[in-house]
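Asks: My questions all concern the structure below.
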Amino acid sequence: MILASIIISVLYVILIGSFVYGFDKIPVFTLQDLPSKTKFSVVIPFRNEAKNLPALLLSLSKLQYPNHLFEIILVDDASEDDSVAIINTFLNADHTPLSPHISLINNQRHSNSPKKDAITTAIKHSKYEWIITTDADCMLPKFWLDSYDECIQNTNAKCVIGPVKLMGTSRFIDRFQILDVVSLQGVTIGGFGIHKPFMCNGANFAYKKSVFIELKGFNGNDDVASGDDIFLLEKMSKLHPESTHYLKSEQAMVTTKPEPTWKNILSQRIRWASKTTTSNNLFGKLVGLIVLLMNALIIATLLLFTLGLFKAKVLLYILLIKFNIDFYLIYKSATFFDQKQNLKDYIIAFIIYPFFIVFVAMASMFTSYTWKGRHFKR
């Protein structure tokens, strides 16, 4: 057991250390005030988002990008609340110059993934070459499209991934999620920094429509309900590795809300984890395996220690190794996302996380989940 503990710990340190190194290799992008050139089709699927749409629509109205260079396509995925009415009220308002550039369409279902269908439907409807997706529970910074435009102008990009941030509140459940997302974003950025991109978030994701068509869209994984983002990234980074970029920019940072309950958090994380088993990215699967083994090792050694079958000194070394290497990456990521204030809960989150992640991993292999009022089976 001690030998296995050493091997897993060493692999974990190498893995997280490589992400720390990769995080620093991605430079922070700053706007240069270039003339706007890129034309965007902004795609936003929604289902039962009446509570979130007003904030999203307000942020859309504050975008500083020239109106004639972008359109917004809102895709209704069979909403059962007042979502459509809220959008129509916004569109009919006299003071909304954005209205002529917004389309409201219905999702055309043809697969097991409502969101992939919604994105595909919108792309067929789109006018422009660059597709940029976000979620209806997000708020967009005013220079969001400007940041993508300048990134595209400065690179040979065909696919660009942007940062996603959870908004902070005073509840521990929210701060726990913030630390979790900060760590995931750190790993995402680190993966790009070592030229092994394997994670992204569809709430801030842009790509050329021609590449989407070239890759035949979501064909090959449209039987999986989730994964509109990572499966597409997997295809794009394989076909165009030098043209897939991470936009490490505050001006491009999309914000969203934490889940309100632990039940919702678990359902969301199970949905995220369910994508791993169907992914063809071997590096991503290796990362998931090593992270799972390290967290399972913490639980196993704690159990063996309480039974008098494991040395306290070795257990302490394992905990210190994981505590410090995790904190190093999370600190760097929290600094970029301006969320260092949440590090005060790091110790408590560190204690909870191994049990949380192992439960999610096991549940994702054997159980179904509910999301947006729909039930999805394994």
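Following the order of the structure tokens, first chain is A, next is B, and so on, with residues numbered from 1 inside each chain and ligands from 1 in the order they appear.
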Can I get the residues of range 120-191 of chain A within 10 Å of range 11-32 of chain A, each with the closest pair of atoms and their distance in Å to one decimal, using only C-alpha atoms, sorted chain first then ascending number, as a tab-separated table?
Replies:
residue	atom	partner	partner_atom	distance
A:Phe143	CA	A:Leu31	CA	9.0
A:Asp146	CA	A:Leu31	CA	7.9
A:Ser147	CA	A:Leu31	CA	6.4
A:Tyr148	CA	A:Leu31	CA	9.7
A:Asp149	CA	A:Leu31	CA	9.7
A:Glu150	CA	A:Leu31	CA	7.0
A:Cys151	CA	A:Phe29	CA	8.0
A:Gln185	CA	A:Phe23	CA	9.7
A:Gly186	CA	A:Phe23	CA	6.7
A:Val187	CA	A:Phe19	CA	5.8
A:Thr188	CA	A:Phe19	CA	8.3
A:Ile189	CA	A:Phe23	CA	5.4
A:Gly190	CA	A:Phe23	CA	4.1
A:Gly191	CA	A:Phe19	CA	6.1
Asks: For range 312-351 of chain A versus range 172-184 of chain A, which residues have an atom no more than 12 Å away, and what is each residue's nearest atom pair and distance in Å rounded to one decimal, using only C-alpha atoms, chain-then-number order, as JSON lines?
Replies:
{"residue": "A:Ile325", "atom": "CA", "partner": "A:Ser183", "partner_atom": "CA", "distance": 11.5}
{"residue": "A:Asp326", "atom": "CA", "partner": "A:Ser183", "partner_atom": "CA", "distance": 8.2}
{"residue": "A:Phe327", "atom": "CA", "partner": "A:Ser183", "partner_atom": "CA", "distance": 9.1}
{"residue": "A:Tyr328", "atom": "CA", "partner": "A:Ser183", "partner_atom": "CA", "distance": 10.1}
{"residue": "A:Leu329", "atom": "CA", "partner": "A:Ser183", "partner_atom": "CA", "distance": 7.1}
{"residue": "A:Ile330", "atom": "CA", "partner": "A:Ser183", "partner_atom": "CA", "distance": 5.2}
{"residue": "A:Tyr331", "atom": "CA", "partner": "A:Ser183", "partner_atom": "CA", "distance": 8.8}
{"residue": "A:Lys332", "atom": "CA", "partner": "A:Val182", "partner_atom": "CA", "distance": 9.3}
{"residue": "A:Ser333", "atom": "CA", "partner": "A:Val182", "partner_atom": "CA", "distance": 5.9}
{"residue": "A:Ala334", "atom": "CA", "partner": "A:Val182", "partner_atom": "CA", "distance": 6.0}
{"residue": "A:Thr335", "atom": "CA", "partner": "A:Val182", "partner_atom": "CA", "distance": 9.6}
{"residue": "A:Phe336", "atom": "CA", "partner": "A:Val182", "partner_atom": "CA", "distance": 9.4}
{"residue": "A:Phe337", "atom": "CA", "partner": "A:Val182", "partner_atom": "CA", "distance": 7.6}
{"residue": "A:Asp338", "atom": "CA", "partner": "A:Val182", "partner_atom": "CA", "distance": 10.1}
{"residue": "A:Gln339", "atom": "CA", "partner": "A:Ile178", "partner_atom": "CA", "distance": 8.2}
{"residue": "A:Lys340", "atom": "CA", "partner": "A:Leu179", "partner_atom": "CA", "distance": 9.4}
{"residue": "A:Gln341", "atom": "CA", "partner": "A:Arg175", "partner_atom": "CA", "distance": 9.5}
{"residue": "A:Asn342", "atom": "CA", "partner": "A:Arg175", "partner_atom": "CA", "distance": 6.1}
{"residue": "A:Leu343", "atom": "CA", "partner": "A:Leu179", "partner_atom": "CA", "distance": 7.5}
{"residue": "A:Lys344", "atom": "CA", "partner": "A:Arg175", "partner_atom": "CA", "distance": 9.4}
{"residue": "A:Asp345", "atom": "CA", "partner": "A:Arg175", "partner_atom": "CA", "distance": 7.3}
{"residue": "A:Tyr346", "atom": "CA", "partner": "A:Leu179", "partner_atom": "CA", "distance": 7.5}
{"residue": "A:Ile347", "atom": "CA", "partner": "A:Phe176", "partner_atom": "CA", "distance": 10.6}
{"residue": "A:Ile348", "atom": "CA", "partner": "A:Phe176", "partner_atom": "CA", "distance": 8.7}
{"residue": "A:Ala349", "atom": "CA", "partner": "A:Phe176", "partner_atom": "CA", "distance": 6.1}
{"residue": "A:Phe350", "atom": "CA", "partner": "A:Phe176", "partner_atom": "CA", "distance": 9.5}
{"residue": "A:Ile351", "atom": "CA", "partner": "A:Phe176", "partner_atom": "CA", "distance": 11.2}
Asks: Using N, CA and C atoms, can you write the selected residues to a file as a tab-separated table (two decimals), in the first residue's frame?
Replies:
chain	number	residue	atom	x	y	z
A	325	ILE	N	0.31	21.19	-3.48
A	325	ILE	CA	0.33	21.28	-4.94
A	325	ILE	C	-1.02	21.78	-5.46
A	326	ASP	N	-2.11	21.36	-4.81
A	326	ASP	CA	-3.43	21.86	-5.20
A	326	ASP	C	-3.53	23.37	-4.94
A	327	PHE	N	-3.06	23.78	-3.77
A	327	PHE	CA	-3.15	25.20	-3.41
A	327	PHE	C	-2.34	26.06	-4.38
A	328	TYR	N	-1.20	25.57	-4.81
A	328	TYR	CA	-0.35	26.34	-5.72
A	328	TYR	C	-1.09	26.66	-7.01
A	329	LEU	N	-1.76	25.65	-7.58
A	329	LEU	CA	-2.51	25.88	-8.82
A	329	LEU	C	-3.74	26.74	-8.56
A	330	ILE	N	-4.47	26.45	-7.50
A	330	ILE	CA	-5.69	27.20	-7.21
A	330	ILE	C	-5.37	28.66	-6.90
A	331	TYR	N	-4.27	28.91	-6.21
A	331	TYR	CA	-3.87	30.28	-5.90
A	331	TYR	C	-3.61	31.07	-7.18
A	332	LYS	N	-2.88	30.46	-8.11
A	332	LYS	CA	-2.60	31.14	-9.39
A	332	LYS	C	-3.90	31.43	-10.15
A	333	SER	N	-4.78	30.44	-10.19
A	333	SER	CA	-6.03	30.61	-10.90
A	333	SER	C	-6.93	31.63	-10.21
A	334	ALA	N	-7.01	31.56	-8.87
A	334	ALA	CA	-7.84	32.50	-8.11
A	334	ALA	C	-7.34	33.93	-8.27
A	335	THR	N	-6.04	34.09	-8.41
A	335	THR	CA	-5.47	35.42	-8.62
A	335	THR	C	-5.93	35.99	-9.96
A	336	PHE	N	-5.86	35.19	-11.01
A	336	PHE	CA	-6.30	35.65	-12.33
A	336	PHE	C	-7.80	35.97	-12.33
A	337	PHE	N	-8.59	35.15	-11.64
A	337	PHE	CA	-10.04	35.35	-11.63
A	337	PHE	C	-10.50	36.31	-10.54
A	338	ASP	N	-9.53	36.92	-9.85
A	338	ASP	CA	-9.82	37.89	-8.78
A	338	ASP	C	-10.75	37.29	-7.73
A	339	GLN	N	-10.41	36.07	-7.28
A	339	GLN	CA	-11.23	35.39	-6.28
A	339	GLN	C	-10.39	34.83	-5.13
A	340	LYS	N	-9.31	35.52	-4.83
A	340	LYS	CA	-8.45	35.08	-3.73
A	340	LYS	C	-9.17	35.12	-2.39
A	341	GLN	N	-10.21	35.94	-2.26
A	341	GLN	CA	-10.93	36.04	-1.00
A	341	GLN	C	-11.58	34.72	-0.61
A	342	ASN	N	-11.83	33.85	-1.60
A	342	ASN	CA	-12.46	32.56	-1.31
A	342	ASN	C	-11.47	31.51	-0.82
A	343	LEU	N	-10.19	31.83	-0.86
A	343	LEU	CA	-9.18	30.88	-0.39
A	343	LEU	C	-9.27	30.64	1.12
A	344	LYS	N	-9.99	31.49	1.83
A	344	LYS	CA	-10.15	31.29	3.27
A	344	LYS	C	-10.88	29.99	3.59
A	345	ASP	N	-11.62	29.47	2.63
A	345	ASP	CA	-12.35	28.21	2.80
A	345	ASP	C	-11.61	27.03	2.19
A	346	TYR	N	-10.37	27.25	1.79
A	346	TYR	CA	-9.63	26.19	1.11
A	346	TYR	C	-9.46	24.95	1.98
A	347	ILE	N	-9.16	25.12	3.26
A	347	ILE	CA	-8.91	23.97	4.14
A	347	ILE	C	-10.16	23.11	4.25
A	348	ILE	N	-11.31	23.74	4.48
A	348	ILE	CA	-12.56	22.98	4.60
A	348	ILE	C	-12.89	22.30	3.28
A	349	ALA	N	-12.73	23.03	2.18
A	349	ALA	CA	-13.00	22.45	0.86
A	349	ALA	C	-12.06	21.29	0.57
A	350	PHE	N	-10.81	21.42	1.01
A	350	PHE	CA	-9.82	20.36	0.82
A	350	PHE	C	-10.24	19.07	1.53
A	351	ILE	N	-10.84	19.21	2.69
A	351	ILE	CA	-11.29	18.04	3.46
A	351	ILE	C	-12.49	17.38	2.78
Asks: What does the structure give for the distance between CA of Phe40 in chain A and CA of Tyr128 in chain A, in Å to one decimal?
Replies: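 CA of Tyr128 in chain A lies at a distance of 5.7 Å from CA of Phe40 in chain A.
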Asks: Sorted by chain and rising residue number, list the residues of range 226-265 of chain A at most 12 Å from range 51-62 of chain A (counting only C-alpha atoms), each with its closest atom pair and distance in Å to one decimal, as JSON lines.
Replies:
{"residue": "A:Val254", "atom": "CA", "partner": "A:Ser59", "partner_atom": "CA", "distance": 10.3}
{"residue": "A:Thr255", "atom": "CA", "partner": "A:Leu56", "partner_atom": "CA", "distance": 10.1}
{"residue": "A:Thr256", "atom": "CA", "partner": "A:Asn52", "partner_atom": "CA", "distance": 9.5}
{"residue": "A:Lys257", "atom": "CA", "partner": "A:Asn52", "partner_atom": "CA", "distance": 9.3}
Asks: Out of range 13-110 of chain A, which residues get strand (DSSP E or B) from DSSP, as a ChimeraX atom specification?
Replies: /A:40-46,70-76,102-106
Asks: Which residues are close to range 270-287 of chain A, i.e. within 6 Å by only C-alpha atoms, leaving aside same-chain residues fewer than 4 positions away? Reply as an MDAnalysis selection string.
Replies: chainID A and resid 198 227 266 360 364
Asks: Let me make sure I understand: among A:Ala300, A:Met1, A:Asn295, A:Pro114, which one has the smallest atom-to-atom distance to Tyr353 in chain A if we use only C-alpha atoms?
Replies: A:Asn295
Asks: Considering only C-alpha atoms, return as a ChimeraX atom specification whatever protein or nucleic-acid residues lie within 8 Å of Asn106 in chain A, sequence-local ones (same chain, fewer than 6 positions apart) excluded.
Replies: /A:75-78
Asks: Record the distance separating CA of Leu302 in chain A and CA of Leu315 in chain A, expressed in Å with one decimal.
Replies: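 Going from CA of Leu302 in chain A over to CA of Leu315 in chain A covers 7.3 Å.
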Asks: Kindly give the distance, in Å, that separates CA of Thr121 in chain A and CA of Ser41 in chain A, rounded to a single decimal.
Replies: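 Straight-line distance from CA of Thr121 in chain A to CA of Ser41 in chain A works out to 12.5 Å.
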Asks: If you run DSSP over the backbone, which residues in range 122-174 of chain A end up alpha helix (DSSP H)? Put them as a list in words.
Replies: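 So the alpha helix (DSSP H) residues in range 122-174 of chain A would be Ala122, Ile123, Lys124, His125, Trp144, Leu145, Asp146, Ser147, Tyr148, Asp149, Glu150, Cys151, Ile152, Gln153, Asn154, Phe172, Ile173 and Asp174 of chain A.
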Asks: Save the residues we just selected, C-alpha atoms, as a CSV table (one decimal), in the first residue's frame?
Replies:
chain,number,residue,atom,x,y,z
A,122,ALA,CA,-28.6,28.0,-34.6
A,123,ILE,CA,-25.6,27.4,-36.8
A,124,LYS,CA,-27.8,26.5,-39.7
A,125,HIS,CA,-29.6,29.8,-39.1
A,144,TRP,CA,-16.4,40.3,-24.7
A,145,LEU,CA,-16.6,40.3,-28.5
A,146,ASP,CA,-13.8,42.9,-28.8
A,147,SER,CA,-11.5,40.5,-27.0
A,148,TYR,CA,-12.3,37.6,-29.3
A,149,ASP,CA,-12.0,39.8,-32.4
A,150,GLU,CA,-8.5,41.0,-31.4
A,151,CYS,CA,-7.4,37.5,-30.5
A,152,ILE,CA,-8.6,36.3,-33.9
A,153,GLN,CA,-6.8,39.2,-35.6
A,154,ASN,CA,-3.5,38.5,-33.8
A,172,PHE,CA,-20.1,28.3,2.0
A,173,ILE,CA,-21.9,26.2,-0.7
A,174,ASP,CA,-21.2,28.9,-3.2
Asks: Mind running range 15-72 of chain A against range 199-208 of chain A at 12 Å and telling me each contacting residue's nearest atom pair with the distance in Å (one decimal), counting only C-alpha atoms, chain and number ascending, as JSON lines?
Replies:
{"residue": "A:Thr38", "atom": "CA", "partner": "A:Lys208", "partner_atom": "CA", "distance": 10.8}
{"residue": "A:Lys39", "atom": "CA", "partner": "A:Lys208", "partner_atom": "CA", "distance": 10.5}
{"residue": "A:Phe40", "atom": "CA", "partner": "A:Ala206", "partner_atom": "CA", "distance": 9.0}
{"residue": "A:Ser41", "atom": "CA", "partner": "A:Ala206", "partner_atom": "CA", "distance": 9.5}
{"residue": "A:Val42", "atom": "CA", "partner": "A:Ala206", "partner_atom": "CA", "distance": 8.9}
{"residue": "A:Val43", "atom": "CA", "partner": "A:Ala206", "partner_atom": "CA", "distance": 9.8}
{"residue": "A:Ile44", "atom": "CA", "partner": "A:Ala203", "partner_atom": "CA", "distance": 8.8}
{"residue": "A:Pro45", "atom": "CA", "partner": "A:Ala203", "partner_atom": "CA", "distance": 10.3}
{"residue": "A:Phe46", "atom": "CA", "partner": "A:Ala203", "partner_atom": "CA", "distance": 11.8}
Asks: Find the residues near Leu215 in chain A: any atom within 10 Å, counting only C-alpha atoms, skip ones fewer than 3 places away on the same chain, and give them as a list in words.
Replies: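 These residues fall inside the cut-off: Lys209, Ser210, Val211, Phe212, Phe218, Asn219, Leu232, Lys235, Met236 and Leu239 of chain A.
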Asks: Write the residues of the preceding selection, restricted to C-alpha atoms, as a JSON list (two decimals), in the first residue's frame.
Replies:
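Okay, this is what ended up in part37.json:
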[["chain", "number", "residue", "atom", "x", "y", "z"],
["A", 209, "LYS", "CA", -18.51, 27.73, -38.81],
["A", 210, "SER", "CA", -16.52, 26.24, -41.69],
["A", 211, "VAL", "CA", -14.51, 24.12, -39.24],
["A", 212, "PHE", "CA", -17.71, 23.00, -37.49],
["A", 218, "PHE", "CA", -21.40, 16.80, -33.20],
["A", 219, "ASN", "CA", -21.55, 13.62, -35.27],
["A", 232, "LEU", "CA", -15.98, 19.68, -30.17],
["A", 235, "LYS", "CA", -12.13, 17.26, -32.64],
["A", 236, "MET", "CA", -10.81, 20.74, -33.31],
["A", 239, "LEU", "CA", -7.46, 18.55, -36.66]]
